[in-house]
$ cat model_21.txt   # compact mmCIF, N, CA and C atoms and all ligand atoms
# COMPACT_ATOMS: atom_id res chain seq x y z
N MET X 1 -39.13 247.23 231.66
CA MET X 1 -39.95 248.02 232.58
C MET X 1 -40.21 247.22 233.85
N SER X 2 -40.00 247.85 235.00
CA SER X 2 -40.29 247.13 236.24
C SER X 2 -41.82 247.09 236.44
N PRO X 3 -42.31 246.01 237.05
CA PRO X 3 -43.77 245.87 237.18
C PRO X 3 -44.39 247.02 237.96
N LEU X 4 -45.61 247.38 237.57
CA LEU X 4 -46.34 248.42 238.31
C LEU X 4 -46.83 247.81 239.61
N GLU X 5 -46.57 248.51 240.70
CA GLU X 5 -46.98 248.00 242.01
C GLU X 5 -48.20 248.77 242.49
N TRP X 6 -49.13 248.04 243.06
CA TRP X 6 -50.29 248.69 243.66
C TRP X 6 -49.91 249.20 245.04
N ASP X 7 -50.21 250.46 245.33
CA ASP X 7 -50.01 250.93 246.71
C ASP X 7 -51.08 251.94 247.07
N ALA X 8 -51.04 252.37 248.32
CA ALA X 8 -52.11 253.20 248.86
C ALA X 8 -52.31 254.49 248.07
N SER X 9 -51.26 254.99 247.42
CA SER X 9 -51.41 256.25 246.68
C SER X 9 -52.36 256.09 245.50
N LEU X 10 -52.64 254.83 245.13
CA LEU X 10 -53.52 254.59 243.99
C LEU X 10 -54.97 254.32 244.41
N GLU X 11 -55.21 254.20 245.71
CA GLU X 11 -56.57 253.91 246.18
C GLU X 11 -57.43 255.16 246.14
N THR X 12 -58.60 255.04 245.50
CA THR X 12 -59.52 256.18 245.51
C THR X 12 -60.55 256.00 246.64
N GLY X 13 -60.70 254.77 247.12
CA GLY X 13 -61.71 254.50 248.15
C GLY X 13 -63.02 253.99 247.57
N ASP X 14 -63.14 253.95 246.25
CA ASP X 14 -64.33 253.39 245.62
C ASP X 14 -63.98 251.95 245.22
N ALA X 15 -64.74 250.99 245.79
CA ALA X 15 -64.38 249.57 245.61
C ALA X 15 -64.39 249.15 244.14
N LEU X 16 -65.41 249.59 243.40
CA LEU X 16 -65.51 249.19 241.99
C LEU X 16 -64.32 249.75 241.19
N VAL X 17 -64.09 251.05 241.35
CA VAL X 17 -63.02 251.71 240.60
C VAL X 17 -61.66 251.14 240.99
N ASP X 18 -61.42 250.96 242.29
CA ASP X 18 -60.13 250.43 242.74
C ASP X 18 -59.90 249.01 242.22
N GLY X 19 -60.96 248.20 242.24
CA GLY X 19 -60.85 246.82 241.74
C GLY X 19 -60.50 246.81 240.26
N GLN X 20 -61.14 247.70 239.49
CA GLN X 20 -60.85 247.75 238.06
C GLN X 20 -59.44 248.26 237.81
N HIS X 21 -59.01 249.26 238.58
CA HIS X 21 -57.64 249.77 238.41
C HIS X 21 -56.61 248.67 238.68
N ARG X 22 -56.83 247.89 239.74
CA ARG X 22 -55.90 246.79 240.05
C ARG X 22 -55.82 245.83 238.89
N GLY X 23 -56.98 245.47 238.34
CA GLY X 23 -57.02 244.53 237.23
C GLY X 23 -56.27 245.06 236.02
N ILE X 24 -56.43 246.34 235.75
CA ILE X 24 -55.77 246.94 234.58
C ILE X 24 -54.24 246.95 234.78
N LEU X 25 -53.80 247.30 235.98
CA LEU X 25 -52.35 247.31 236.23
C LEU X 25 -51.77 245.91 236.09
N LEU X 26 -52.52 244.89 236.54
CA LEU X 26 -52.05 243.51 236.37
C LEU X 26 -51.88 243.18 234.89
N PHE X 27 -52.84 243.64 234.09
CA PHE X 27 -52.77 243.39 232.65
C PHE X 27 -51.57 244.10 232.02
N VAL X 28 -51.32 245.33 232.43
CA VAL X 28 -50.17 246.07 231.89
C VAL X 28 -48.90 245.29 232.21
N ASN X 29 -48.81 244.78 233.45
CA ASN X 29 -47.64 243.98 233.83
C ASN X 29 -47.54 242.71 232.99
N GLU X 30 -48.70 242.13 232.69
CA GLU X 30 -48.71 240.90 231.89
C GLU X 30 -48.16 241.17 230.49
N VAL X 31 -48.58 242.28 229.89
CA VAL X 31 -48.08 242.63 228.55
C VAL X 31 -46.57 242.87 228.62
N ALA X 32 -46.13 243.61 229.67
CA ALA X 32 -44.71 243.94 229.80
C ALA X 32 -43.86 242.68 229.98
N ALA X 33 -44.44 241.66 230.65
CA ALA X 33 -43.66 240.47 231.00
C ALA X 33 -43.72 239.37 229.95
N LEU X 34 -44.50 239.58 228.88
CA LEU X 34 -44.63 238.53 227.86
C LEU X 34 -43.27 238.13 227.30
N GLU X 35 -43.05 236.85 227.25
CA GLU X 35 -41.77 236.36 226.71
C GLU X 35 -41.83 236.27 225.19
N SER X 36 -43.04 236.07 224.69
CA SER X 36 -43.21 235.81 223.27
C SER X 36 -43.06 237.09 222.45
N ASP X 37 -42.48 236.95 221.27
CA ASP X 37 -42.43 238.06 220.32
C ASP X 37 -43.46 237.85 219.21
N ASP X 38 -44.30 236.83 219.40
CA ASP X 38 -45.33 236.53 218.41
C ASP X 38 -46.41 237.61 218.45
N PRO X 39 -46.59 238.36 217.34
CA PRO X 39 -47.55 239.46 217.34
C PRO X 39 -48.97 239.00 217.70
N ILE X 40 -49.32 237.76 217.33
CA ILE X 40 -50.67 237.26 217.63
C ILE X 40 -50.86 237.16 219.15
N VAL X 41 -49.83 236.66 219.82
CA VAL X 41 -49.89 236.52 221.28
C VAL X 41 -49.95 237.89 221.94
N ILE X 42 -49.07 238.79 221.50
CA ILE X 42 -49.02 240.13 222.09
C ILE X 42 -50.34 240.86 221.86
N LEU X 43 -50.84 240.80 220.65
CA LEU X 43 -52.10 241.50 220.34
C LEU X 43 -53.26 240.91 221.13
N GLY X 44 -53.22 239.60 221.35
CA GLY X 44 -54.29 238.96 222.13
C GLY X 44 -54.37 239.57 223.53
N VAL X 45 -53.22 239.73 224.17
CA VAL X 45 -53.20 240.28 225.53
C VAL X 45 -53.51 241.78 225.51
N VAL X 46 -52.95 242.49 224.52
CA VAL X 46 -53.21 243.94 224.43
C VAL X 46 -54.71 244.18 224.19
N ASP X 47 -55.32 243.36 223.33
CA ASP X 47 -56.75 243.52 223.07
C ASP X 47 -57.58 243.30 224.34
N ARG X 48 -57.21 242.29 225.13
CA ARG X 48 -57.95 242.04 226.38
C ARG X 48 -57.74 243.19 227.35
N LEU X 49 -56.50 243.68 227.40
CA LEU X 49 -56.21 244.83 228.26
C LEU X 49 -57.09 246.02 227.87
N MET X 50 -57.17 246.31 226.57
CA MET X 50 -57.93 247.48 226.14
C MET X 50 -59.44 247.29 226.33
N GLU X 51 -59.90 246.04 226.31
CA GLU X 51 -61.32 245.78 226.63
C GLU X 51 -61.59 246.17 228.08
N HIS X 52 -60.66 245.79 228.97
CA HIS X 52 -60.81 246.16 230.39
C HIS X 52 -60.80 247.68 230.55
N VAL X 53 -59.89 248.33 229.81
CA VAL X 53 -59.79 249.79 229.90
C VAL X 53 -61.11 250.42 229.43
N ASP X 54 -61.66 249.92 228.32
CA ASP X 54 -62.93 250.44 227.79
C ASP X 54 -64.05 250.29 228.81
N THR X 55 -64.15 249.08 229.37
CA THR X 55 -65.21 248.80 230.36
C THR X 55 -65.04 249.74 231.56
N HIS X 56 -63.80 249.90 231.97
CA HIS X 56 -63.52 250.74 233.14
C HIS X 56 -63.87 252.21 232.87
N PHE X 57 -63.46 252.73 231.72
CA PHE X 57 -63.76 254.12 231.39
C PHE X 57 -65.28 254.33 231.34
N ALA X 58 -65.99 253.37 230.76
CA ALA X 58 -67.45 253.48 230.67
C ALA X 58 -68.05 253.50 232.08
N ALA X 59 -67.51 252.67 232.99
CA ALA X 59 -68.03 252.62 234.37
C ALA X 59 -67.80 253.96 235.07
N GLU X 60 -66.61 254.54 234.88
CA GLU X 60 -66.33 255.84 235.52
C GLU X 60 -67.21 256.93 234.93
N GLU X 61 -67.43 256.88 233.63
CA GLU X 61 -68.25 257.93 233.00
C GLU X 61 -69.70 257.84 233.47
N GLU X 62 -70.16 256.63 233.71
CA GLU X 62 -71.50 256.39 234.26
C GLU X 62 -71.58 256.95 235.70
N LEU X 63 -70.53 256.69 236.50
CA LEU X 63 -70.48 257.21 237.87
C LEU X 63 -70.54 258.73 237.88
N MET X 64 -69.77 259.35 236.97
CA MET X 64 -69.73 260.82 236.91
C MET X 64 -71.11 261.37 236.57
N MET X 65 -71.78 260.71 235.63
CA MET X 65 -73.08 261.17 235.17
C MET X 65 -74.11 261.03 236.28
N ARG X 66 -74.15 259.84 236.90
CA ARG X 66 -75.14 259.59 237.95
C ARG X 66 -74.86 260.43 239.18
N GLY X 67 -73.57 260.73 239.43
CA GLY X 67 -73.19 261.45 240.64
C GLY X 67 -73.27 262.96 240.49
N GLY X 68 -73.68 263.45 239.34
CA GLY X 68 -73.79 264.89 239.15
C GLY X 68 -72.45 265.59 239.16
N TYR X 69 -71.42 264.92 238.62
CA TYR X 69 -70.09 265.55 238.53
C TYR X 69 -70.21 266.75 237.58
N PRO X 70 -69.67 267.94 237.98
CA PRO X 70 -69.84 269.15 237.15
C PRO X 70 -69.43 268.93 235.69
N ALA X 71 -70.20 269.51 234.79
CA ALA X 71 -70.04 269.25 233.35
C ALA X 71 -68.61 269.52 232.85
N ASP X 72 -68.01 270.62 233.28
CA ASP X 72 -66.65 270.95 232.80
C ASP X 72 -65.66 269.85 233.17
N ALA X 73 -65.70 269.46 234.45
CA ALA X 73 -64.77 268.44 234.94
C ALA X 73 -65.05 267.10 234.26
N CYS X 74 -66.33 266.83 234.05
CA CYS X 74 -66.75 265.59 233.40
C CYS X 74 -66.20 265.54 231.96
N ASN X 75 -66.37 266.64 231.25
CA ASN X 75 -65.89 266.69 229.85
C ASN X 75 -64.38 266.54 229.77
N GLU X 76 -63.70 267.17 230.72
CA GLU X 76 -62.23 267.10 230.75
C GLU X 76 -61.78 265.64 231.00
N HIS X 77 -62.47 265.00 231.94
CA HIS X 77 -62.13 263.62 232.28
C HIS X 77 -62.40 262.68 231.10
N LYS X 78 -63.56 262.89 230.47
CA LYS X 78 -63.90 262.04 229.32
C LYS X 78 -62.92 262.26 228.16
N ALA X 79 -62.47 263.52 227.98
CA ALA X 79 -61.51 263.82 226.91
C ALA X 79 -60.19 263.08 227.18
N ALA X 80 -59.80 263.00 228.45
CA ALA X 80 -58.56 262.28 228.80
C ALA X 80 -58.72 260.80 228.45
N HIS X 81 -59.88 260.22 228.79
CA HIS X 81 -60.13 258.81 228.44
C HIS X 81 -60.06 258.60 226.93
N ARG X 82 -60.69 259.54 226.19
CA ARG X 82 -60.74 259.40 224.73
C ARG X 82 -59.34 259.48 224.13
N MET X 83 -58.52 260.39 224.68
CA MET X 83 -57.16 260.56 224.17
C MET X 83 -56.35 259.26 224.36
N LEU X 84 -56.52 258.65 225.55
CA LEU X 84 -55.78 257.40 225.80
C LEU X 84 -56.23 256.31 224.84
N LYS X 85 -57.55 256.23 224.63
CA LYS X 85 -58.06 255.19 223.72
C LYS X 85 -57.56 255.41 222.29
N ASP X 86 -57.53 256.68 221.87
CA ASP X 86 -57.03 256.98 220.52
C ASP X 86 -55.57 256.58 220.38
N LYS X 87 -54.78 256.90 221.40
CA LYS X 87 -53.35 256.56 221.34
C LYS X 87 -53.16 255.04 221.34
N ALA X 88 -53.95 254.34 222.15
CA ALA X 88 -53.83 252.88 222.21
C ALA X 88 -54.24 252.28 220.87
N ARG X 89 -55.28 252.84 220.26
CA ARG X 89 -55.73 252.32 218.96
C ARG X 89 -54.63 252.51 217.91
N ALA X 90 -54.02 253.69 217.93
CA ALA X 90 -52.94 253.96 216.97
C ALA X 90 -51.78 252.98 217.19
N ALA X 91 -51.47 252.71 218.45
CA ALA X 91 -50.36 251.80 218.75
C ALA X 91 -50.68 250.37 218.30
N THR X 92 -51.92 249.92 218.54
CA THR X 92 -52.24 248.54 218.15
C THR X 92 -52.32 248.42 216.63
N LEU X 93 -52.72 249.49 215.95
CA LEU X 93 -52.69 249.46 214.48
C LEU X 93 -51.25 249.30 214.02
N GLY X 94 -50.34 249.97 214.72
CA GLY X 94 -48.92 249.85 214.42
C GLY X 94 -48.44 248.42 214.60
N PHE X 95 -48.90 247.77 215.69
CA PHE X 95 -48.52 246.37 215.93
C PHE X 95 -49.02 245.49 214.79
N ARG X 96 -50.30 245.75 214.42
CA ARG X 96 -50.92 244.89 213.41
C ARG X 96 -50.24 245.04 212.05
N GLY X 97 -49.74 246.25 211.79
CA GLY X 97 -49.19 246.53 210.47
C GLY X 97 -47.75 246.11 210.32
N SER X 98 -47.14 245.62 211.39
CA SER X 98 -45.71 245.35 211.31
C SER X 98 -45.35 244.09 212.09
N TRP X 99 -44.40 243.35 211.58
CA TRP X 99 -43.91 242.18 212.29
C TRP X 99 -42.80 242.58 213.25
N ASN X 100 -42.41 243.82 213.14
CA ASN X 100 -41.36 244.32 214.04
C ASN X 100 -42.02 244.93 215.27
N ILE X 101 -42.25 244.11 216.28
CA ILE X 101 -43.02 244.55 217.43
C ILE X 101 -42.15 245.31 218.42
N THR X 102 -42.53 246.56 218.70
CA THR X 102 -41.85 247.30 219.75
C THR X 102 -42.91 247.69 220.76
N ARG X 103 -43.17 246.80 221.70
CA ARG X 103 -44.26 247.10 222.64
C ARG X 103 -43.80 247.89 223.85
N GLU X 104 -42.50 247.91 224.14
CA GLU X 104 -42.03 248.58 225.36
C GLU X 104 -42.49 250.04 225.47
N PRO X 105 -42.30 250.86 224.40
CA PRO X 105 -42.72 252.25 224.55
C PRO X 105 -44.22 252.38 224.82
N PHE X 106 -45.02 251.52 224.20
CA PHE X 106 -46.46 251.56 224.40
C PHE X 106 -46.82 251.20 225.84
N VAL X 107 -46.23 250.11 226.34
CA VAL X 107 -46.54 249.66 227.70
C VAL X 107 -46.06 250.69 228.72
N GLU X 108 -44.90 251.24 228.46
CA GLU X 108 -44.33 252.26 229.34
C GLU X 108 -45.26 253.49 229.40
N PHE X 109 -45.68 253.94 228.21
CA PHE X 109 -46.58 255.08 228.12
C PHE X 109 -47.89 254.79 228.85
N LEU X 110 -48.46 253.61 228.57
CA LEU X 110 -49.76 253.25 229.15
C LEU X 110 -49.67 253.20 230.68
N GLY X 111 -48.64 252.56 231.21
CA GLY X 111 -48.48 252.44 232.66
C GLY X 111 -48.33 253.80 233.32
N THR X 112 -47.49 254.64 232.74
CA THR X 112 -47.27 255.98 233.30
C THR X 112 -48.54 256.80 233.24
N TRP X 113 -49.23 256.73 232.10
CA TRP X 113 -50.47 257.49 231.93
C TRP X 113 -51.51 257.06 232.96
N LEU X 114 -51.69 255.75 233.11
CA LEU X 114 -52.72 255.25 234.02
C LEU X 114 -52.46 255.66 235.46
N VAL X 115 -51.21 255.49 235.90
CA VAL X 115 -50.88 255.85 237.29
C VAL X 115 -51.13 257.34 237.51
N ASP X 116 -50.69 258.16 236.58
CA ASP X 116 -50.88 259.60 236.70
C ASP X 116 -52.38 259.96 236.69
N HIS X 117 -53.13 259.33 235.81
CA HIS X 117 -54.57 259.61 235.69
C HIS X 117 -55.31 259.19 236.96
N ILE X 118 -54.95 258.03 237.51
CA ILE X 118 -55.59 257.54 238.73
C ILE X 118 -55.32 258.52 239.88
N GLU X 119 -54.05 258.95 239.99
CA GLU X 119 -53.67 259.81 241.13
C GLU X 119 -54.23 261.23 241.02
N THR X 120 -54.61 261.65 239.82
CA THR X 120 -55.12 263.01 239.66
C THR X 120 -56.61 263.02 239.33
N GLU X 121 -56.95 262.72 238.09
CA GLU X 121 -58.34 262.83 237.63
C GLU X 121 -59.30 261.90 238.37
N ASP X 122 -58.90 260.62 238.51
CA ASP X 122 -59.82 259.67 239.15
C ASP X 122 -60.02 260.03 240.62
N ARG X 123 -58.92 260.36 241.30
CA ARG X 123 -59.04 260.71 242.71
C ARG X 123 -59.93 261.95 242.89
N LYS X 124 -59.73 262.95 242.04
CA LYS X 124 -60.52 264.18 242.12
C LYS X 124 -62.01 263.86 241.95
N MET X 125 -62.30 262.99 240.99
CA MET X 125 -63.69 262.64 240.71
C MET X 125 -64.32 261.88 241.88
N ILE X 126 -63.63 260.88 242.39
CA ILE X 126 -64.19 260.09 243.50
C ILE X 126 -64.32 260.96 244.76
N ASP X 127 -63.33 261.82 245.02
CA ASP X 127 -63.43 262.73 246.18
C ASP X 127 -64.68 263.59 246.07
N TYR X 128 -64.95 264.09 244.87
CA TYR X 128 -66.14 264.92 244.66
C TYR X 128 -67.40 264.10 244.93
N LEU X 129 -67.47 262.92 244.37
CA LEU X 129 -68.68 262.10 244.52
C LEU X 129 -68.89 261.71 245.99
N LYS X 130 -67.79 261.48 246.72
CA LYS X 130 -67.92 261.13 248.13
C LYS X 130 -68.41 262.33 248.94
N ALA X 131 -67.98 263.54 248.50
CA ALA X 131 -68.37 264.76 249.22
C ALA X 131 -69.80 265.18 248.88
N HIS X 132 -70.36 264.62 247.82
CA HIS X 132 -71.73 264.97 247.40
C HIS X 132 -72.57 263.71 247.27
N PRO X 133 -72.73 262.96 248.37
CA PRO X 133 -73.37 261.64 248.27
C PRO X 133 -74.84 261.69 247.88
N THR X 134 -75.50 262.78 248.17
CA THR X 134 -76.95 262.82 247.91
C THR X 134 -77.26 262.79 246.43
N ALA X 135 -76.29 263.24 245.63
CA ALA X 135 -76.54 263.28 244.19
C ALA X 135 -76.49 261.88 243.57
N ARG X 136 -75.96 260.92 244.32
CA ARG X 136 -75.77 259.59 243.73
C ARG X 136 -77.00 258.70 243.82
FE FE X 201 -59.75 255.05 236.24
FE FE X 202 -60.65 258.04 234.63

$ encode --input "model_21.txt" --output "structure tokens"
Amino acid sequence: MSPLEWDASLETGDALVDGQHRGILLFVNEVAALESDDPIVILGVVDRLMEHVDTHFAAEEELMMRGGYPADACNEHKAAHRMLKDKARAATLGFRGSWNITREPFVEFLGTWLVDHIETEDRKMIDYLKAHPTAR
């Protein structure tokens, strides 16, 4: 997998969210570039990556709540976060249960999902919050 590159299409304009997104993409690249096939090493990096993802999702959900993001859109966004976490959990269970590590499909899926989510759901949410600043 070629490394994920940060570019303007991924900027939402919110410094906290953009900073966290950059950090997560760096982590995805780190997992993709690991030379080691040692499951302990791979799981160590994947676990740190998923901690960042958890922290980031919680931060966005807090922003949505404080910013008065409409309930329907909020629920949809949170469901997308939950789905990604469930899939990641299933994948890491797979890693843990097997010495035959196939991380490429997981990293590929995660990278594609994140970029798509940032460009659609996250952008929509930040645009709304910027357009309704008094609610924040
Ligand atoms: Fe995000
Ligand atoms: Fe999000």

$ residues_near_ligand --input "model_21.txt" --ligand "ligand FE 201 (chain X)" --cutoff "7 Å" --atoms "only N, CA and C atoms and all ligand atoms" --output "VMD selection string"
chain X and resid 17 20 to 21 56 to 57 60 117 to 118 122

$ write_last_selection --input "model_21.txt" --atoms "N, CA and C atoms" --output "compact mmCIF listing (two decimals), in the frame of the given file"
# COMPACT_ATOMS: atom_id res chain seq x y z
N VAL X 17 -64.09 251.05 241.35
CA VAL X 17 -63.02 251.71 240.60
C VAL X 17 -61.66 251.14 240.99
N GLN X 20 -61.14 247.70 239.49
CA GLN X 20 -60.85 247.75 238.06
C GLN X 20 -59.44 248.26 237.81
N HIS X 21 -59.01 249.26 238.58
CA HIS X 21 -57.64 249.77 238.41
C HIS X 21 -56.61 248.67 238.68
N HIS X 56 -63.80 249.90 231.97
CA HIS X 56 -63.52 250.74 233.14
C HIS X 56 -63.87 252.21 232.87
N PHE X 57 -63.46 252.73 231.72
CA PHE X 57 -63.76 254.12 231.39
C PHE X 57 -65.28 254.33 231.34
N GLU X 60 -66.61 254.54 234.88
CA GLU X 60 -66.33 255.84 235.52
C GLU X 60 -67.21 256.93 234.93
N HIS X 117 -53.13 259.33 235.81
CA HIS X 117 -54.57 259.61 235.69
C HIS X 117 -55.31 259.19 236.96
N ILE X 118 -54.95 258.03 237.51
CA ILE X 118 -55.59 257.54 238.73
C ILE X 118 -55.32 258.52 239.88
N ASP X 122 -58.90 260.62 238.51
CA ASP X 122 -59.82 259.67 239.15
C ASP X 122 -60.02 260.03 240.62

$ closest_residue --input "model_21.txt" --among "X:Leu49, X:Asp14, X:Pro105, X:Phe95" --to "Ile126 (chain X)" --atoms "all atoms listed in the file"
X:Asp14

$ atom_distance --input "model_21.txt" --atom1 "atom C of Ala131 (chain X)" --atom2 "CA of Ile24 (chain X)"
27.1 Å

$ residues_near_ligand --input "model_21.txt" --ligand "ligand FE 202 (chain X)" --cutoff "12 Å" --atoms "only C-alpha atoms and all ligand atoms" --output "ChimeraX atom specification"
/X:12,17-18,20-21,53-64,73-85,113-126

$ axis_aligned_box --input "model_21.txt" --around "region 7-18 of chain X" --padding-each-side "4 Å" --output "lines of an AutoDock Vina configuration file"
center_x = -57.8
center_y = 252.6
center_z = 244.7
size_x = 23.5
size_y = 15.2
size_z = 16.3

$ atom_distance --input "model_21.txt" --atom1 "CA of Ala8 (chain X)" --atom2 "CA of Thr112 (chain X)"
16.5 Å

$ closest_residue --input "model_21.txt" --among "X:Arg66, X:Arg89, X:Arg96, X:Arg22" --to "Pro39 (chain X)" --atoms "all atoms listed in the file"
X:Arg96

$ closest_residue --input "model_21.txt" --among "X:Leu10, X:Thr92, X:Ser2, X:Gly23" --to "Val46 (chain X)" --atoms "only N, CA and C atoms"
X:Thr92

$ atom_distance --input "model_21.txt" --atom1 "CA of Asn29 (chain X)" --atom2 "CA of Ala91 (chain X)"
17.2 Å

$ closest_residue --input "model_21.txt" --among "X:Glu30, X:Glu35, X:Asp127, X:Asp86" --to "Arg48 (chain X)" --atoms "only C-alpha atoms"
X:Glu30

$ select_by_dssp --input "model_21.txt" --residues "chain X" --states "alpha helix (DSSP H)" --output "PyMOL selection string"
chain X and resi 15-33+39-66+71-96+104-117+123-131

$ closest_residue --input "model_21.txt" --among "X:Met65, X:Leu93, X:Met1, X:Leu26" --to "Glu108 (chain X)" --atoms "only N, CA and C atoms"
X:Met1

$ closest_residue --input "model_21.txt" --among "X:Val28, X:Ser9, X:Leu16, X:Ile42" --to "Phe109 (chain X)" --atoms "only C-alpha atoms"
X:Val28

$ residues_around --input "model_21.txt" --residues "Pro133 (chain X)" --least-positions-apart "4" --cutoff "8 Å" --atoms "only N, CA and C atoms" --output "list of chain:residue names"
X:Gly67, X:Tyr128, X:Leu129

$ build_atoms --input "model_21.txt" --residues "region 54-61 of chain X" --atoms "all heavy atoms" --output "compact mmCIF listing (two decimals), keeping the file's coordinate frame"
# COMPACT_ATOMS: atom_id res chain seq x y z
N ASP X 54 -61.66 249.92 228.32
CA ASP X 54 -62.93 250.44 227.79
C ASP X 54 -64.05 250.29 228.81
O ASP X 54 -64.80 251.23 229.06
CB ASP X 54 -63.33 249.65 226.54
CG ASP X 54 -62.73 250.24 225.27
OD1 ASP X 54 -62.07 251.29 225.38
OD2 ASP X 54 -62.93 249.65 224.19
N THR X 55 -64.15 249.08 229.37
CA THR X 55 -65.21 248.80 230.36
C THR X 55 -65.04 249.74 231.56
O THR X 55 -66.01 250.30 232.08
CB THR X 55 -65.11 247.34 230.85
OG1 THR X 55 -65.20 246.50 229.70
CG2 THR X 55 -66.20 247.00 231.84
N HIS X 56 -63.80 249.90 231.97
CA HIS X 56 -63.52 250.74 233.14
C HIS X 56 -63.87 252.21 232.87
O HIS X 56 -64.51 252.87 233.69
CB HIS X 56 -62.05 250.61 233.53
CG HIS X 56 -61.62 251.63 234.53
ND1 HIS X 56 -62.18 251.69 235.79
CD2 HIS X 56 -60.74 252.66 234.46
CE1 HIS X 56 -61.65 252.71 236.44
NE2 HIS X 56 -60.78 253.31 235.66
N PHE X 57 -63.46 252.73 231.72
CA PHE X 57 -63.76 254.12 231.39
C PHE X 57 -65.28 254.33 231.34
O PHE X 57 -65.79 255.34 231.83
CB PHE X 57 -63.13 254.51 230.04
CG PHE X 57 -61.63 254.72 230.10
CD1 PHE X 57 -60.92 254.97 228.92
CD2 PHE X 57 -60.94 254.72 231.29
CE1 PHE X 57 -59.55 255.19 228.95
CE2 PHE X 57 -59.56 254.93 231.34
CZ PHE X 57 -58.87 255.16 230.15
N ALA X 58 -65.99 253.37 230.76
CA ALA X 58 -67.45 253.48 230.67
C ALA X 58 -68.05 253.50 232.08
O ALA X 58 -68.98 254.28 232.36
CB ALA X 58 -68.02 252.34 229.85
N ALA X 59 -67.51 252.67 232.99
CA ALA X 59 -68.03 252.62 234.37
C ALA X 59 -67.80 253.96 235.07
O ALA X 59 -68.68 254.48 235.75
CB ALA X 59 -67.35 251.49 235.14
N GLU X 60 -66.61 254.54 234.88
CA GLU X 60 -66.33 255.84 235.52
C GLU X 60 -67.21 256.93 234.93
O GLU X 60 -67.70 257.80 235.66
CB GLU X 60 -64.86 256.22 235.29
CG GLU X 60 -63.90 255.53 236.24
CD GLU X 60 -62.47 256.07 236.15
OE1 GLU X 60 -62.18 256.92 235.27
OE2 GLU X 60 -61.65 255.61 236.94
N GLU X 61 -67.43 256.88 233.63
CA GLU X 61 -68.25 257.93 233.00
C GLU X 61 -69.70 257.84 233.47
O GLU X 61 -70.37 258.85 233.66
CB GLU X 61 -68.08 257.85 231.48
CG GLU X 61 -66.67 258.32 231.08
CD GLU X 61 -66.28 258.09 229.62
OE1 GLU X 61 -67.17 257.84 228.80
OE2 GLU X 61 -65.06 258.14 229.33
